[in-house]
Amino acid sequence: MKNTQRQGCGPGEQAEQHYLIQPRALAGGGDVRHVSKFLRASGWRVKAKASGGPLLMESPDRTVRVGYDPYNLPGGWTLHGRTQGPGGQWWAHLGQQAPVEIVAGLTDALTHPRPPHAPNVWAPLERQGWRTRFVGEHYTATSADGTAWVQYHRSGNGAAMWWAGAQDQQGNGWTARLSPSTPMHVVQAFAAALAHPDPLMRPRGRVPLSARIRTWSVSVTPSQLSAWQQARITAARAATWARNSARHTRPRTTARPHAPYGGLRTHR
């Protein structure tokens with residue numbers, strides 16, 4: 001275990017001990033507000049909330065709902081969405097021990113417009129040295145240390161889903177299941193967050209008991225934690241403002257009078 005001291009304590013502040021954890025997939029659940037505050041800053045509505053209990057949020061266009069329930073089995077995160085494409089609906093479920101930073105990779109992507117190009121789910125995994133291969137009917141990517149995986153799973157009856165997660169040798173970990181109709185840019189963002197090389201930080205007392213993790217002790221002040229959290233919220237608000245401004249200033253198209261045969265001509 002390594003120890004790192006961080007400078008910059010404000011007046012009267014006392015640094016608190018935290019730990020950086022690798023691999024990030026085994027860092028434990030974390031603070032749910034990492035997800036919920038970003039969504040709220042992005043214009044999402046809180047539909048249900050209890051202190052320390054279930055949470056339910058809805059997108060501004062009411063097409064997606066994100067929920068978290070720490071009590072009712074199986075617990076964890078559930079997402080349901082509607083699309084205009086084939087199938088019309090999609091869903092995802094992530095276990096309670098899925099790190100909130102990895103969950104946020106998925107939920108943050110829901111606040112962004114769909115990219116014009118077709119996303120490649122496997123690209124961010126391969127860039128981080130994950131091994132990709134066919135295992136029977138399933139295409140699988142596995143992290144270099146063998147603790148995490150992403151799989152496009154096909155069952156014998158032809159049904160398919162995305163299956164991912166992390167597990168240590170003691171069986172500690174989590175799994176995620178995403179419907180095959182989940183928007184591909186959302187699946188790609190989830191894969192990128194799962195494979196990201198940076199460690200995750202947890203406070204003392206919230207470090208998982210696992211022989212597969214490595215930890216570094218760091219001293220962090222409350223003002224530092226607050227500044228990091230606020231930067232994420234500020235970025236969400238700025239992106240939301242930019243999207244709304246672009247939507248309101250987008251030029252409209254109108255029909256010119258006397259268009260022959262009822263045809264429409266546009267001008268800008």
# chains A, B, ... in the order shown; residues from 1 in each chain; ligands from 1
>>> select_by_dssp(residues="stretch 78-241 of chain A", states="strand (DSSP E or B)", output="MDAnalysis selection string")
chainID A and resid 78:82 89:94 131:135 138:142 148:154 160:167 173:178 200:203 214:220
>>> residues_around(residues="A:Val186", least_positions_apart="3", cutoff="7 Å", atoms="only C-alpha atoms", output="list in words")
Leu106, Ala109, Leu110, Pro183, Ala189 and Phe190 of chain A
>>> residues_around(residues="A:Arg204", least_positions_apart="4", cutoff="7 Å", atoms="only C-alpha atoms", output="list in words")
Gln17, His18 and Tyr19 of chain A
>>> closest_residue(among="A:Ser155, A:Gln96, A:Asn244, A:Gln14", to="A:His138", atoms="only C-alpha atoms")
A:Ser155
>>> closest_residue(among="A:Arg24, A:His153, A:Lys47, A:Arg237", to="A:His196", atoms="only C-alpha atoms")
A:Arg24
>>> residues_around(residues="A:Gly76", least_positions_apart="5", cutoff="7 Å", atoms="only C-alpha atoms", output="list in words")
Tyr68, Asp69, Pro70, Leu94, Gly95 and Gln96 of chain A
>>> atom_distance(atom1="atom CA of A:Ser143", atom2="atom CA of A:Arg131")
6.5 Å
>>> atom_distance(atom1="atom CA of A:Ala160", atom2="atom CA of A:Ser179")
7.5 Å
>>> residues_around(residues="A:His112", least_positions_apart="6", cutoff="10 Å", atoms="only C-alpha atoms", output="list in words")
Ser42, His185, Val186, Ala239, Thr240 and Arg243 of chain A
>>> residues_around(residues="A:Leu55", least_positions_apart="6", cutoff="12 Å", atoms="only C-alpha atoms", output="list in words")
Val32, Arg33, Val35, Ser36, Lys37, Arg45, Val46, Lys47, Ala48, Lys49, Arg65, Val66, Gly67, Tyr68, Asp69, Pro70, Tyr71, Gly75, Gly76, Trp77, Thr78 and Leu79 of chain A
>>> write_last_selection(atoms="N, CA, C and O atoms", output="short mmCIF file (atom, residue, chain, number, x, y, z; two decimals), in the first residue's frame")
data_model
loop_
_atom_site.label_atom_id
_atom_site.label_comp_id
_atom_site.auth_asym_id
_atom_site.auth_seq_id
_atom_site.Cartn_x
_atom_site.Cartn_y
_atom_site.Cartn_z
N VAL A 32 -24.34 7.27 -4.53
CA VAL A 32 -25.37 7.32 -5.58
C VAL A 32 -25.51 8.73 -6.15
O VAL A 32 -25.88 8.92 -7.32
N ARG A 33 -25.21 9.74 -5.36
CA ARG A 33 -25.37 11.13 -5.82
C ARG A 33 -24.43 11.46 -6.98
O ARG A 33 -24.67 12.44 -7.70
N VAL A 35 -24.31 9.87 -9.64
CA VAL A 35 -25.19 9.70 -10.79
C VAL A 35 -26.34 10.69 -10.75
O VAL A 35 -26.62 11.40 -11.72
N SER A 36 -27.05 10.75 -9.62
CA SER A 36 -28.30 11.50 -9.55
C SER A 36 -28.10 13.01 -9.69
O SER A 36 -28.90 13.69 -10.34
N LYS A 37 -27.02 13.56 -9.12
CA LYS A 37 -26.82 15.01 -9.23
C LYS A 37 -26.48 15.43 -10.65
O LYS A 37 -26.89 16.51 -11.10
N ARG A 45 -35.89 14.90 -14.00
CA ARG A 45 -36.80 15.12 -12.87
C ARG A 45 -36.68 13.98 -11.87
O ARG A 45 -36.58 12.81 -12.26
N VAL A 46 -36.73 14.33 -10.59
CA VAL A 46 -36.76 13.32 -9.53
C VAL A 46 -38.22 12.93 -9.33
O VAL A 46 -39.04 13.74 -8.93
N LYS A 47 -38.54 11.67 -9.62
CA LYS A 47 -39.92 11.19 -9.48
C LYS A 47 -40.17 10.58 -8.11
O LYS A 47 -41.30 10.57 -7.62
N ALA A 48 -39.14 10.02 -7.50
CA ALA A 48 -39.28 9.44 -6.17
C ALA A 48 -37.92 9.45 -5.51
O ALA A 48 -36.91 9.17 -6.14
N LYS A 49 -37.90 9.81 -4.24
CA LYS A 49 -36.63 9.87 -3.53
C LYS A 49 -36.87 9.71 -2.04
O LYS A 49 -37.77 10.32 -1.48
N ARG A 65 -36.27 6.22 -17.81
CA ARG A 65 -36.30 6.29 -16.34
C ARG A 65 -35.11 5.52 -15.78
O ARG A 65 -34.77 4.44 -16.27
N VAL A 66 -34.50 6.10 -14.76
CA VAL A 66 -33.36 5.50 -14.07
C VAL A 66 -33.74 5.35 -12.60
O VAL A 66 -34.14 6.32 -11.96
N GLY A 67 -33.63 4.14 -12.09
CA GLY A 67 -33.98 3.89 -10.70
C GLY A 67 -32.87 3.20 -9.95
O GLY A 67 -32.05 2.48 -10.55
N TYR A 68 -32.83 3.43 -8.65
CA TYR A 68 -31.88 2.74 -7.78
C TYR A 68 -32.62 2.30 -6.53
O TYR A 68 -33.32 3.10 -5.89
N ASP A 69 -32.47 1.03 -6.18
CA ASP A 69 -33.14 0.49 -5.00
C ASP A 69 -32.14 -0.38 -4.23
O ASP A 69 -31.71 -1.41 -4.73
N PRO A 70 -31.76 0.05 -3.02
CA PRO A 70 -30.78 -0.73 -2.25
C PRO A 70 -31.40 -1.83 -1.40
O PRO A 70 -30.68 -2.57 -0.73
N TYR A 71 -32.73 -1.95 -1.42
CA TYR A 71 -33.40 -2.85 -0.49
C TYR A 71 -34.03 -4.07 -1.16
O TYR A 71 -33.74 -5.21 -0.83
N GLY A 75 -32.11 -5.65 -6.18
CA GLY A 75 -31.51 -4.37 -5.84
C GLY A 75 -30.63 -3.83 -6.95
O GLY A 75 -30.47 -4.44 -8.00
N GLY A 76 -30.07 -2.66 -6.72
CA GLY A 76 -29.18 -2.05 -7.70
C GLY A 76 -29.90 -1.08 -8.61
O GLY A 76 -30.91 -0.48 -8.26
N TRP A 77 -29.37 -0.93 -9.83
CA TRP A 77 -29.83 0.06 -10.80
C TRP A 77 -30.71 -0.59 -11.86
O TRP A 77 -30.40 -1.66 -12.36
N THR A 78 -31.79 0.08 -12.21
CA THR A 78 -32.65 -0.36 -13.31
C THR A 78 -32.91 0.82 -14.23
O THR A 78 -33.12 1.94 -13.76
N LEU A 79 -32.88 0.56 -15.52
CA LEU A 79 -33.14 1.59 -16.52
C LEU A 79 -34.16 1.06 -17.51
O LEU A 79 -34.09 -0.11 -17.93
#
>>> atom_distance(atom1="atom CA of A:Tyr152", atom2="atom CA of A:Thr107")
19.9 Å
>>> closest_residue(among="A:Pro99, A:Gly88, A:Pro60, A:Pro119", to="A:Ser181", atoms="only C-alpha atoms")
A:Gly88
>>> residues_around(residues="A:Val100", least_positions_apart="3", cutoff="7 Å", atoms="only C-alpha atoms", output="JSON, numbers by chain")
{"A": [29, 30, 31, 32, 34, 35, 103, 104]}
>>> select_by_dssp(residues="stretch 114-147 of chain A", states="helix (DSSP H, G or I)", output="ChimeraX atom specification")
/A:123-127
>>> closest_residue(among="A:Gln89, A:Thr175, A:Gln230, A:Gln188", to="A:Val121", atoms="only C-alpha atoms")
A:Gln188
